[in-house]
Amino acid sequence: MNHAWISDAPRLELGFLPTPLVPLERLSARLGGPRLWLKRDDCTGLATGGNKTRKLEYLLADAIRQQADAIVTFGAVQSNHARQTAAACAAAGLPCHLVLARKVPWPHPHYDTSGNVLLDRLLGADVQVVAPDAFADARAALLDRLERDGRLPYVIPVGGSSHVGAMGYTRCAMELMEQSRALEFALTDVVHASSSAGTQAGLLAGFAGLVLDGDGTAPRVHGINVSEVDPTVLPKDVQRLVGEVIAERGLDAAVAAEDVRLDDRYLGDGYGLPTEATVAAIRLLAGTEGVLLDPVYSGKAFAALVDRIERGEFAGVDDVVFIHTGGTASLAVYDTAFI
Ligand SMILES: Cc1ncc(COP(=O)(O)O)c(C=O)c1O
């Protein structure tokens with residue numbers, strides 16, 4: 001089916017799409033709950049892959065349309081978004097500037113230099129690692145410098161979560177509808193790690209638009225909050241971004257507040273700090289299916305999925321899709337969690 005509101009949005013092809021949707025047969029049998037499926041967005045292809053690649057396809061297309069000649073973005077030190085932006089910029093021939101804040105109290109001797117940071121540098125990005133209270137000044141100084149140099153920077157928000165970036169996950173929603181149909185199961189429940197709202201907003205707006213086009217019914221989207229201590233923040237951000245995507249694409253659709261599902265039970269001590277259950281979930285998927293998760297996002301969200309199945313929260317559901325949003329590049333600086 002042609003969905004013009006998706007296909008008409010300017011897009012730079014950067015990823016290997018569609019990503020595979022694969023059954024987790026051994027793990028499903030072991031857990032004894034619904035049949036589990038893994039949407040392999042860790043295989044989007046851009047320098048170890050991940051969910052930001054989908055967003056960057058739209059963000060860099062927008063930057064090029066605006067004739068930007070430098071890309072600026074931000075994140076935590078081990079930001080997967082920053083690393084994929086660095087890779088996307090290398091592929092598009094655009095200079096990339098990253099300002100990374102030391103906001104995670106994870107004591108590792110190579111935290112500032114290994115994992116994603118190693119890849120950022122390898123991919124040719126200009127990288128500044130700063131203390132959280134120096135972040136605003138570093139950002140302002142960078143933008144001043146680029147302006148003085150006569151550059152036209154395109155600024156991508158944290159996590160690539162603007163309405164432009166969120167378009168990447170409308171496309172993922174479309175892939176999930178098509179793939180579940182081809183695999184002959186009812187798409188009722190989708191689970192993923194949620195942090196800067198773009199993935200969840202893109203999925204919700206995407207499913208709402210696809211339903212309008214007569215393309216099936218919208219599944220429940222279960223975001224697992226892996227970053228916000230205040231549980232009111234993320235639902236509001238998701239709802240706002242859904243509204244922006246819907247308005248920008250001219251869709252006569254709406255997503256109700258009760259359809260913005262965020263589970264706050266699995267954050268533990270905070271963003272970037274894996275819980276015992278996170279570590280156990282990473283070991284479980286690695287050991288039963290040979291698939292790696294990460295300690296900050298996908299591992300925490302997968303631990304939530306396992307716990308919710310064990311609590312019987314998916315009783316009566318036949319199939320659950322987990323979106324593997326990537327992040328394994330940071331495993332190197334979390335080696336101590338696995339000893
Ligand atoms: C591996 C991984 N999973 C999930 C997310 C969350 O996606 P979003 O920020 O769109 O909510 C991120 C974002 O940083 C990520 O890097």
# chains A, B, ... in the order shown; residues from 1 in each chain; ligands from 1
$ residues_near_ligand --ligand "ligand 1" --cutoff "7 Å" --atoms "only C-alpha atoms and all ligand atoms" --output "ChimeraX atom specification"
/A:50-52,79-81,159,161,193-200,294,297-298,325-327
$ residues_around --residues "Pro105 (chain A)" --least-positions-apart "5" --cutoff "10 Å" --atoms "only C-alpha atoms" --output "list of chain:residue names"
A:Gly270, A:Tyr271, A:Gly272, A:Leu273
$ residues_around --residues "Pro23 (chain A)" --least-positions-apart "6" --cutoff "7 Å" --atoms "only C-alpha atoms" --output "MDAnalysis selection string"
chainID A and resid 36:38
$ atom_distance --atom1 "CA of Ser28 (chain A)" --atom2 "CA of Glu289 (chain A)"
10.3 Å
$ closest_residue --among "A:Gly216, A:Gly115, A:Gly32, A:Gly45" --to "Thr188 (chain A)" --atoms "only C-alpha atoms"
A:Gly216
$ select_by_dssp --residues "region 165-282 of chain A" --states "alpha helix (DSSP H)" --output "count of residues only"
56
$ residues_around --residues "region 249-263 of chain A" --least-positions-apart "6" --cutoff "6 Å" --atoms "only C-alpha atoms" --output "ChimeraX atom specification"
/A:5,222-225
$ residues_around --residues "Leu118 (chain A)" --least-positions-apart "3" --cutoff "12 Å" --atoms "only C-alpha atoms" --output "list of chain:residue names"
A:Ala47, A:Val77, A:Gln78, A:Ser79, A:Asn80, A:Ala82, A:Arg83, A:Ala86, A:His110, A:Tyr111, A:Asp112, A:Thr113, A:Ser114, A:Gly115, A:Arg121, A:Leu122, A:Leu123, A:Gly124, A:Ala125, A:Asp126, A:Val127, A:Ala329, A:Ser330, A:Ala332, A:Val333
$ closest_residue --among "A:Leu331, A:Leu119, A:Val191, A:Ala286" --to "Arg308 (chain A)" --atoms "only C-alpha atoms"
A:Val191
$ closest_residue --among "A:Tyr169, A:Phe207, A:Trp106, A:Phe135" --to "Pro274 (chain A)" --atoms "only C-alpha atoms"
A:Trp106
$ atom_distance --atom1 "CA of Asp319 (chain A)" --atom2 "CA of Gly243 (chain A)"
28.5 Å
$ closest_residue --among "A:Glu276, A:Glu244, A:Asp189, A:Asp264" --to "Glu313 (chain A)" --atoms "only C-alpha atoms"
A:Asp189
$ decode --residues "region 33-51 of chain A" --atoms "N, CA, C and O atoms" --output "tab-separated table (two decimals), in the first residue's frame"
chain	number	residue	atom	x	y	z
A	33	GLY	N	5.36	-17.61	27.73
A	33	GLY	CA	4.31	-16.60	27.54
A	33	GLY	C	3.94	-16.48	26.08
A	33	GLY	O	3.88	-17.50	25.36
A	34	PRO	N	3.71	-15.27	25.60
A	34	PRO	CA	3.39	-15.09	24.18
A	34	PRO	C	4.60	-15.41	23.29
A	34	PRO	O	5.73	-15.47	23.78
A	35	ARG	N	4.32	-15.59	22.00
A	35	ARG	CA	5.43	-15.76	21.07
A	35	ARG	C	6.12	-14.40	20.91
A	35	ARG	O	5.45	-13.39	20.68
A	36	LEU	N	7.45	-14.38	21.07
A	36	LEU	CA	8.20	-13.12	21.00
A	36	LEU	C	8.84	-12.96	19.63
A	36	LEU	O	9.37	-13.92	19.06
A	37	TRP	N	8.79	-11.72	19.17
A	37	TRP	CA	9.42	-11.37	17.89
A	37	TRP	C	10.40	-10.23	18.14
A	37	TRP	O	10.12	-9.34	18.96
A	38	LEU	N	11.52	-10.25	17.41
A	38	LEU	CA	12.50	-9.18	17.58
A	38	LEU	C	12.61	-8.39	16.27
A	38	LEU	O	12.89	-8.96	15.22
A	39	LYS	N	12.34	-7.09	16.37
A	39	LYS	CA	12.51	-6.20	15.22
A	39	LYS	C	13.94	-5.70	15.28
A	39	LYS	O	14.31	-4.95	16.21
A	40	ARG	N	14.75	-6.11	14.31
A	40	ARG	CA	16.20	-5.93	14.42
A	40	ARG	C	16.66	-4.54	13.98
A	40	ARG	O	17.47	-4.41	13.05
A	41	ASP	N	16.22	-3.51	14.71
A	41	ASP	CA	16.71	-2.17	14.40
A	41	ASP	C	18.13	-1.94	14.91
A	41	ASP	O	18.70	-0.87	14.68
A	42	ASP	N	18.69	-2.96	15.58
A	42	ASP	CA	20.13	-2.91	15.86
A	42	ASP	C	20.91	-3.21	14.58
A	42	ASP	O	22.14	-3.05	14.56
A	43	CYS	N	20.23	-3.63	13.54
A	43	CYS	CA	20.89	-4.00	12.27
A	43	CYS	C	20.61	-2.96	11.19
A	43	CYS	O	20.57	-3.30	10.00
A	44	THR	N	20.37	-1.71	11.56
A	44	THR	CA	20.12	-0.69	10.53
A	44	THR	C	21.39	-0.37	9.74
A	44	THR	O	21.30	0.29	8.70
A	45	GLY	N	22.54	-0.79	10.26
A	45	GLY	CA	23.73	-0.78	9.40
A	45	GLY	C	24.71	0.36	9.60
A	45	GLY	O	25.86	0.28	9.16
A	46	LEU	N	24.29	1.44	10.25
A	46	LEU	CA	25.17	2.61	10.30
A	46	LEU	C	26.14	2.50	11.48
A	46	LEU	O	25.78	2.82	12.62
A	47	ALA	N	27.36	2.05	11.21
A	47	ALA	CA	28.41	1.96	12.25
A	47	ALA	C	27.90	1.31	13.54
A	47	ALA	O	27.88	1.92	14.59
A	48	THR	N	27.48	0.10	13.43
A	48	THR	CA	26.90	-0.79	14.46
A	48	THR	C	25.39	-0.57	14.69
A	48	THR	O	24.80	-1.19	15.56
A	49	GLY	N	24.77	0.27	13.89
A	49	GLY	CA	23.30	0.33	13.81
A	49	GLY	C	22.61	0.95	15.01
A	49	GLY	O	23.24	1.52	15.91
A	50	GLY	N	21.27	0.86	14.98
A	50	GLY	CA	20.46	1.41	16.06
A	50	GLY	C	19.31	2.25	15.55
A	50	GLY	O	19.19	2.48	14.34
A	51	ASN	N	18.47	2.69	16.49
A	51	ASN	CA	17.22	3.35	16.08
A	51	ASN	C	17.42	4.75	15.49
A	51	ASN	O	16.58	5.24	14.75
